[in-house]
Each structure stands twice: as structure tokens, then as C-alpha cells.
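I have placed the structure first, in the form of C-alpha cells, so that the comments after it can refer back to it.
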Amino acid sequence: IPRMASIKLIDNVYPNPSKGQFNIQFSSQSDNDVKIVVHDLLGRKVFENKYIKTSSTFNEDIQLKNATSGVYLLTVVDGDRKEEKKIVIE
């Protein structure tokens with residue numbers, strides 16, 4: 001299994017920090033679906049969703065329901081591209 005390159009993928013995640021709702025934006029060159037996963041710092045998954053790509057621009061709101069205040073790790077996977085980013089819930 002080839003290891004995914006962790007490269008600059010995400011153009012924007014806002015607002016950060018937020019109350020639990022984030023908008024994620026980036027441009028994509030692949031035809032693959034996009035997977036968004038959010039983990040807390042203990043590695044517990046608090047959100048996961050797969051999005052069918054309909055254009056070269058990805059722009060989605062995610063709502064982290066019942067997430068407590070703290071730092072979380074957002075992972076975006078687009079084909080063989082992957083990026084992780086810290087997000088903060090206040």
C-alpha cells in the first residue's frame with residue numbers, strides 16, 4: 001500500500017476556533033471522493049464523512065455535534081493527497 005503524501009491540500013478552514021461548525025475549502029485535481037475525519041487528541045473519532053465530488057472546488061460545512069471544548073485533528077483525504085490540520089472548539 002503506497003503511503004499517502006502529506007502535502008498542502010486545504011486552502012481554508014474557518015472559523016478556527018469555532019463553536020463546532022467549520023467550513024472546509026480546497027481545490028482538487030482528482031476525481032476521487034473526499035473523506036473528512038476529525039479525531040480528538042486521544043485518537044477517538046468524533047466525525048467522519050465521505051463526500052462525492054461534483055466539481056474541482058471542495059466547499060463543505062461540517063458540524064461537530066456534542067464535541068467538547070478543545071483541540072481536534074482534522075484529516076482531509078483527496079485521492080492520494082492527505083493533510084492534517086488542528087482545529088479548536090471553544
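Chain lettering (A, B, ...) mirrors the order of the C-alpha cells, residue numbering begins at 1 for each chain separately, and ligand numbering begins at 1 in order of display.
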Extract the full set of strand (DSSP E or B) residues from chain A according to DSSP on the backbone, and format it as a PyMOL selection string. chain A and resi 5-6+12-14+18+21-27+34-40+45-51+57-63+70-78+81-89
Next, the residues of the selection above should be written as a compact mmCIF listing (two decimals), in the first residue's frame with N, CA and C atoms.
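Just written: again06.txt:
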# COMPACT_ATOMS: atom_id res chain seq x y z
N ALA A 5 1.10 10.96 0.61
CA ALA A 5 1.93 12.13 0.87
C ALA A 5 1.12 13.16 1.64
N SER A 6 1.69 13.67 2.72
CA SER A 6 1.02 14.73 3.46
C SER A 6 1.51 16.06 2.89
N ASN A 12 -8.52 26.51 3.13
CA ASN A 12 -9.11 27.29 4.19
C ASN A 12 -9.98 26.42 5.09
N VAL A 13 -9.85 26.63 6.39
CA VAL A 13 -10.76 26.05 7.38
C VAL A 13 -11.15 27.20 8.29
N TYR A 14 -12.42 27.52 8.33
CA TYR A 14 -12.85 28.66 9.15
C TYR A 14 -14.26 28.44 9.66
N SER A 18 -13.86 27.72 16.63
CA SER A 18 -15.30 27.88 16.41
C SER A 18 -16.06 27.20 17.54
N GLN A 21 -18.79 24.33 14.30
CA GLN A 21 -19.11 24.29 12.87
C GLN A 21 -17.96 24.92 12.10
N PHE A 22 -17.47 24.18 11.11
CA PHE A 22 -16.33 24.62 10.31
C PHE A 22 -16.67 24.52 8.84
N ASN A 23 -16.09 25.41 8.05
CA ASN A 23 -16.17 25.33 6.59
C ASN A 23 -14.80 24.93 6.08
N ILE A 24 -14.77 23.96 5.18
CA ILE A 24 -13.51 23.47 4.62
C ILE A 24 -13.52 23.74 3.12
N GLN A 25 -12.44 24.35 2.63
CA GLN A 25 -12.35 24.66 1.20
C GLN A 25 -10.99 24.24 0.65
N PHE A 26 -11.02 23.67 -0.54
CA PHE A 26 -9.77 23.43 -1.28
C PHE A 26 -10.09 23.10 -2.73
N SER A 27 -9.07 23.21 -3.57
CA SER A 27 -9.20 22.84 -4.98
C SER A 27 -8.65 21.44 -5.15
N VAL A 34 -13.96 12.66 -1.48
CA VAL A 34 -13.19 13.30 -0.41
C VAL A 34 -13.65 12.73 0.92
N LYS A 35 -12.70 12.40 1.77
CA LYS A 35 -13.04 11.89 3.10
C LYS A 35 -12.55 12.89 4.14
N ILE A 36 -13.45 13.24 5.05
CA ILE A 36 -13.13 14.15 6.15
C ILE A 36 -13.26 13.36 7.45
N VAL A 37 -12.22 13.38 8.27
CA VAL A 37 -12.24 12.71 9.56
C VAL A 37 -11.73 13.68 10.61
N VAL A 38 -12.38 13.70 11.78
CA VAL A 38 -11.92 14.52 12.90
C VAL A 38 -11.73 13.60 14.10
N HIS A 39 -10.55 13.70 14.72
CA HIS A 39 -10.23 12.93 15.93
C HIS A 39 -9.91 13.90 17.07
N ASP A 40 -10.19 13.47 18.28
CA ASP A 40 -9.69 14.25 19.42
C ASP A 40 -8.22 13.86 19.62
N LYS A 45 -12.37 9.01 17.22
CA LYS A 45 -13.02 9.62 16.06
C LYS A 45 -14.31 10.30 16.51
N VAL A 46 -14.45 11.59 16.19
CA VAL A 46 -15.66 12.31 16.56
C VAL A 46 -16.49 12.67 15.33
N PHE A 47 -15.90 12.52 14.14
CA PHE A 47 -16.62 12.85 12.90
C PHE A 47 -15.95 12.11 11.75
N GLU A 48 -16.77 11.58 10.84
CA GLU A 48 -16.25 11.01 9.60
C GLU A 48 -17.34 11.08 8.56
N ASN A 49 -16.96 11.53 7.39
CA ASN A 49 -17.93 11.59 6.29
C ASN A 49 -17.19 11.52 4.97
N LYS A 50 -17.84 10.91 3.98
CA LYS A 50 -17.29 10.86 2.63
C LYS A 50 -18.17 11.73 1.75
N TYR A 51 -17.56 12.51 0.90
CA TYR A 51 -18.29 13.43 0.03
C TYR A 51 -18.02 13.05 -1.43
N THR A 57 -13.79 22.30 -7.00
CA THR A 57 -13.67 23.05 -5.75
C THR A 57 -14.49 22.36 -4.67
N PHE A 58 -13.82 22.01 -3.59
CA PHE A 58 -14.49 21.39 -2.45
C PHE A 58 -14.81 22.50 -1.45
N ASN A 59 -16.08 22.59 -1.06
CA ASN A 59 -16.52 23.63 -0.12
C ASN A 59 -17.67 23.05 0.68
N GLU A 60 -17.38 22.62 1.90
CA GLU A 60 -18.40 21.96 2.72
C GLU A 60 -18.35 22.48 4.15
N ASP A 61 -19.52 22.55 4.77
CA ASP A 61 -19.61 22.84 6.19
C ASP A 61 -19.68 21.52 6.94
N ILE A 62 -18.93 21.41 8.02
CA ILE A 62 -19.06 20.25 8.89
C ILE A 62 -19.49 20.73 10.26
N GLN A 63 -20.34 19.95 10.88
CA GLN A 63 -20.88 20.27 12.20
C GLN A 63 -20.44 19.18 13.16
N GLY A 70 -11.85 22.09 23.05
CA GLY A 70 -10.51 21.51 22.98
C GLY A 70 -9.96 21.54 21.58
N VAL A 71 -8.82 20.89 21.43
CA VAL A 71 -8.11 20.83 20.15
C VAL A 71 -8.43 19.49 19.49
N TYR A 72 -8.69 19.53 18.20
CA TYR A 72 -9.01 18.33 17.42
C TYR A 72 -8.12 18.29 16.19
N LEU A 73 -7.99 17.10 15.62
CA LEU A 73 -7.19 16.93 14.42
C LEU A 73 -8.13 16.64 13.25
N LEU A 74 -8.13 17.55 12.29
CA LEU A 74 -8.93 17.41 11.07
C LEU A 74 -8.06 16.75 10.01
N THR A 75 -8.55 15.67 9.41
CA THR A 75 -7.83 15.00 8.33
C THR A 75 -8.68 15.04 7.08
N VAL A 76 -8.10 15.54 5.99
CA VAL A 76 -8.77 15.58 4.70
C VAL A 76 -8.01 14.66 3.76
N VAL A 77 -8.73 13.71 3.15
CA VAL A 77 -8.12 12.78 2.20
C VAL A 77 -8.79 12.98 0.85
N ASP A 78 -7.99 13.31 -0.16
CA ASP A 78 -8.47 13.52 -1.53
C ASP A 78 -7.62 12.66 -2.44
N ARG A 81 -3.81 12.36 -1.90
CA ARG A 81 -3.37 13.53 -1.14
C ARG A 81 -4.05 13.53 0.23
N LYS A 82 -3.31 13.94 1.24
CA LYS A 82 -3.83 13.93 2.61
C LYS A 82 -3.20 15.09 3.36
N GLU A 83 -4.02 15.78 4.15
CA GLU A 83 -3.47 16.83 5.01
C GLU A 83 -4.20 16.79 6.34
N GLU A 84 -3.43 17.04 7.40
CA GLU A 84 -3.99 17.15 8.74
C GLU A 84 -3.83 18.57 9.23
N LYS A 85 -4.83 19.04 9.97
CA LYS A 85 -4.81 20.41 10.48
C LYS A 85 -5.46 20.41 11.85
N LYS A 86 -4.91 21.20 12.76
CA LYS A 86 -5.52 21.33 14.08
C LYS A 86 -6.67 22.33 14.02
N ILE A 87 -7.78 21.95 14.65
CA ILE A 87 -8.91 22.87 14.77
C ILE A 87 -9.25 22.96 16.25
N VAL A 88 -9.82 24.09 16.64
CA VAL A 88 -10.10 24.35 18.04
C VAL A 88 -11.59 24.61 18.21
N ILE A 89 -12.17 23.93 19.19
CA ILE A 89 -13.57 24.19 19.56
C ILE A 89 -13.55 24.90 20.90
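If you look at atom CA of A:Leu9 and atom CA of A:Ser69, they are 25.7 Å away from each other.
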